[in-house]
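Asks: Provided herewith is a single structure, encoded as structure tokens, for subsequent inquiry.
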Amino acid sequence: MYEKNYNCYETASYGSRSVSFPAVMRNVYMWMCFALAMTGLTAAAVATQPQILQAIFTNQILFWGLFIGEFALVIFFSARIMSMSLTTAGLVFAAYSILNGVTMSFIFLAYTMESIATTFFITAGTFGAMSLIGYTTKRDLSTMGRILFMALIGVIIATVVNIFVGSSALQFGISILGVLIFTGLTAYDTQKIKMMVEMYGDQPNEGVMKLALLGSLSLYLDFINLFLYLLRFFGNSRD
């Protein structure tokens with residue numbers, strides 16, 4: 001599971017040119033799709049290299065190093081993005097999406113290509129619908145977002161516990177909650193990004209674009225986590 005960070009929404013002064021609200025929102029989705037593409041291509045490429053797969057999944061030090069590295073990179077990116085140049089921030093986001101693809105390569109070994117593709121399209125449809133709701137609704141989703149975030153913490157704790165317990169019933173419950181949580185967070189994060197862009201839309205160009213890049217990371221993480229949880233229901237294992 002991939003962590004989400006809800007901090008670092010301060011602005012900074014960069015340049016002098018502002019950008020329009022539609023242009024910023026287009027960039028949010030464009031960067032998210034670009035990151036998803038890099039993750040998918042990286043995962044597919046690594047899955048065709050048996051030596052790399054063996055090195056990753058048989059060496060616990062390397063595997064956990066990659067996992068911890070992902071988490072640290074998200075924290076670093078979220079905390080330091082406003083002090084980076086836009087180019088550097090984009091490169092860090094790209095590096096994270098590639099690293100994520102390396103650790104996600106296992107899905108091509110565990111599940112059939114057909115079920116992976118089916119789950120991807122189900123995820124895309126669900127994500128698109130919920131993001132549209134978050135973008136267009138007039139209702140404030142802040143309370144729902146706080147509840148979902150607390151539920152996410154509970155799911156993370158339950159997941160860690162289940163590593164030692166190994167309960168299939170608990171795993172099933174975690175998977176259901178995971179789908180519900182990230183479905184809701186997609187709507188909440190979309191509304192949060194929209195409000196953030198509207199609030200700081202008159203700020204200089206580069207500062208707003210960095211906030212948009214940070215928003216695309218949130219939506220990227222929503223999509224990835226929703227996909228992984230749905231894969232537990234729609235994925236057909238390789239026999």
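In the structure tokens, each chain is lettered A, B, ... as it comes, each chain's residues begin at 1, and ligands are numbered from 1 in order of appearance.
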Do you know which residues are at most 12 Å from A:Val179 counting only C-alpha atoms, after dropping those on the same chain fewer than 4 positions away, and could you put them as a list of chain:residue names?

Replies: A:Met1, A:Ile122, A:Thr123, A:Thr126, A:Phe127, A:Leu148, A:Ala151, A:Leu152, A:Val155, A:Phe172, A:Gly173, A:Ile174, A:Ser175, A:Thr183, A:Gly184, A:Leu185, A:Thr186, A:Asp222, A:Phe223, A:Ile224, A:Asn225, A:Leu226, A:Phe227, A:Leu228, A:Tyr229, A:Leu230, A:Leu231, A:Arg232, A:Phe233

Asks: Go ahead and dump the residues you just picked, C-alpha atoms, as a PDB file, in the first residue's frame.

Replies:
ATOM      1  CA  MET A   1       0.000   0.000   0.000  1.00  0.00           C
ATOM      2  CA  ILE A 122     -12.644  -0.836 -13.771  1.00  0.00           C
ATOM      3  CA  THR A 123     -10.318   1.347 -11.718  1.00  0.00           C
ATOM      4  CA  THR A 126     -14.440   4.299 -10.888  1.00  0.00           C
ATOM      5  CA  PHE A 127     -11.702   6.904 -10.526  1.00  0.00           C
ATOM      6  CA  LEU A 148     -11.510   8.500   5.419  1.00  0.00           C
ATOM      7  CA  ALA A 151     -10.022   4.940   8.421  1.00  0.00           C
ATOM      8  CA  LEU A 152      -6.912   4.677   6.245  1.00  0.00           C
ATOM      9  CA  VAL A 155      -6.404  -0.098   7.548  1.00  0.00           C
ATOM     10  CA  PHE A 172     -10.975  -9.661   2.902  1.00  0.00           C
ATOM     11  CA  GLY A 173     -12.302  -6.961   5.235  1.00  0.00           C
ATOM     12  CA  ILE A 174      -9.197  -4.826   4.679  1.00  0.00           C
ATOM     13  CA  SER A 175      -9.631  -5.125   0.912  1.00  0.00           C
ATOM     14  CA  THR A 183     -12.940   5.608  -3.861  1.00  0.00           C
ATOM     15  CA  GLY A 184     -14.003   8.311  -1.408  1.00  0.00           C
ATOM     16  CA  LEU A 185     -10.550   9.891  -1.234  1.00  0.00           C
ATOM     17  CA  THR A 186     -10.563  10.314  -5.013  1.00  0.00           C
ATOM     18  CA  ASP A 222      -5.497   7.230  -5.040  1.00  0.00           C
ATOM     19  CA  PHE A 223      -5.544   5.484  -8.417  1.00  0.00           C
ATOM     20  CA  ILE A 224      -2.694   3.083  -7.596  1.00  0.00           C
ATOM     21  CA  ASN A 225      -4.141   2.063  -4.253  1.00  0.00           C
ATOM     22  CA  LEU A 226      -7.646   1.655  -5.651  1.00  0.00           C
ATOM     23  CA  PHE A 227      -6.236  -0.493  -8.459  1.00  0.00           C
ATOM     24  CA  LEU A 228      -4.300  -2.740  -6.068  1.00  0.00           C
ATOM     25  CA  TYR A 229      -7.310  -3.279  -3.806  1.00  0.00           C
ATOM     26  CA  LEU A 230      -9.637  -3.989  -6.735  1.00  0.00           C
ATOM     27  CA  LEU A 231      -7.081  -6.423  -8.134  1.00  0.00           C
ATOM     28  CA  ARG A 232      -7.643  -8.600  -5.079  1.00  0.00           C
ATOM     29  CA  PHE A 233     -11.264  -9.039  -6.212  1.00  0.00           C
TER      30      PHE A 233
END

Asks: For stretch 191-200 of chain A, list every protein, DNA or RNA residue within 7 Å, evaluated using only C-alpha atoms, and leave out those in the same chain fewer than 2 positions away; present the list as a PDB file with N, CA and C atoms, in the first residue's frame.

Replies:
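And here's result-v3.pdb as it stands now:
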ATOM      1  N   PHE A  21      -7.130  28.721 -14.445  1.00  0.00           N
ATOM      2  CA  PHE A  21      -7.605  27.567 -13.691  1.00  0.00           C
ATOM      3  C   PHE A  21      -7.733  26.320 -14.564  1.00  0.00           C
ATOM      4  N   GLY A 134     -16.206  14.801  -7.284  1.00  0.00           N
ATOM      5  CA  GLY A 134     -15.440  15.722  -6.451  1.00  0.00           C
ATOM      6  C   GLY A 134     -15.249  17.078  -7.105  1.00  0.00           C
ATOM      7  N   TYR A 135     -15.135  17.097  -8.426  1.00  0.00           N
ATOM      8  CA  TYR A 135     -14.910  18.338  -9.159  1.00  0.00           C
ATOM      9  C   TYR A 135     -16.175  19.189  -9.265  1.00  0.00           C
ATOM     10  N   ALA A 187     -12.672  11.475  -4.687  1.00  0.00           N
ATOM     11  CA  ALA A 187     -13.569  12.634  -4.748  1.00  0.00           C
ATOM     12  C   ALA A 187     -13.058  13.753  -3.846  1.00  0.00           C
ATOM     13  N   TYR A 188     -12.651  13.404  -2.634  1.00  0.00           N
ATOM     14  CA  TYR A 188     -12.178  14.412  -1.685  1.00  0.00           C
ATOM     15  C   TYR A 188     -10.928  15.121  -2.193  1.00  0.00           C
ATOM     16  N   ASP A 189      -9.950  14.353  -2.687  1.00  0.00           N
ATOM     17  CA  ASP A 189      -8.711  14.962  -3.161  1.00  0.00           C
ATOM     18  C   ASP A 189      -8.949  15.844  -4.383  1.00  0.00           C
ATOM     19  N   ASP A 202      -4.145  33.152  -8.573  1.00  0.00           N
ATOM     20  CA  ASP A 202      -3.544  34.430  -8.953  1.00  0.00           C
ATOM     21  C   ASP A 202      -2.080  34.509  -8.547  1.00  0.00           C
ATOM     22  N   GLN A 203      -1.537  33.418  -8.054  1.00  0.00           N
ATOM     23  CA  GLN A 203      -0.131  33.374  -7.688  1.00  0.00           C
ATOM     24  C   GLN A 203       0.720  33.211  -8.958  1.00  0.00           C
ATOM     25  N   VAL A 208       2.075  27.891  -8.614  1.00  0.00           N
ATOM     26  CA  VAL A 208       0.807  27.185  -8.811  1.00  0.00           C
ATOM     27  C   VAL A 208       1.050  25.828  -9.459  1.00  0.00           C
ATOM     28  N   GLY A 215      -0.759  17.977  -6.256  1.00  0.00           N
ATOM     29  CA  GLY A 215      -2.106  17.432  -6.359  1.00  0.00           C
ATOM     30  C   GLY A 215      -2.155  16.203  -7.237  1.00  0.00           C
TER      31      GLY A 215
END

Asks: One number please: atom CA of A:Tyr96 to atom CA of A:Leu219, in Å, one decimal.

Replies: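 The value is 14.1 Å.
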
Asks: Just how far from atom CA of A:Phe93 is atom CA of A:Gly154, in Å to one decimal?

Replies: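 We find that atom CA of A:Gly154 and atom CA of A:Phe93 lie 27.1 Å from each other.
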
Asks: Find the residues around A:Phe34 up to 10 Å (only C-alpha atoms counted), leave out those fewer than 3 positions away in its own chain, and share them as number ranges by chain.

Replies: A: 29-31, 37-40, 94, 97, 216, 220

Asks: Find the spatial neighbours of A:Leu99, counting only C-alpha atoms, within a cut-off of 8 Å - ignore same-chain residues fewer than 3 positions away - and output them as a PyMOL selection string.

Replies: chain A and resi 39+66+70+95-96+102-103

Asks: From the list A:Ser237, A:Asn27, A:Leu213, A:Thr48, which residue is nearest A:Leu91 when using only C-alpha atoms?

Replies: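 Once distances to A:Leu91 are computed over only C-alpha atoms, the minimum belongs to A:Leu213.
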
Asks: As an exercise, work out the distance from atom CA of A:Thr112 to atom CA of A:Gly235 in Å and give it to one decimal place.

Replies: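 Answer for the atom CA of A:Thr112 to atom CA of A:Gly235 separation: 7.2 Å.
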
Asks: My list of candidates is A:Ile133, A:Phe121, A:Ile163, A:Ile181. Which is closest to A:Met150 when distances are computed with only C-alpha atoms?

Replies: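 Among A:Ile133, A:Phe121, A:Ile163, A:Ile181, it is A:Ile181 that comes nearest to A:Met150.
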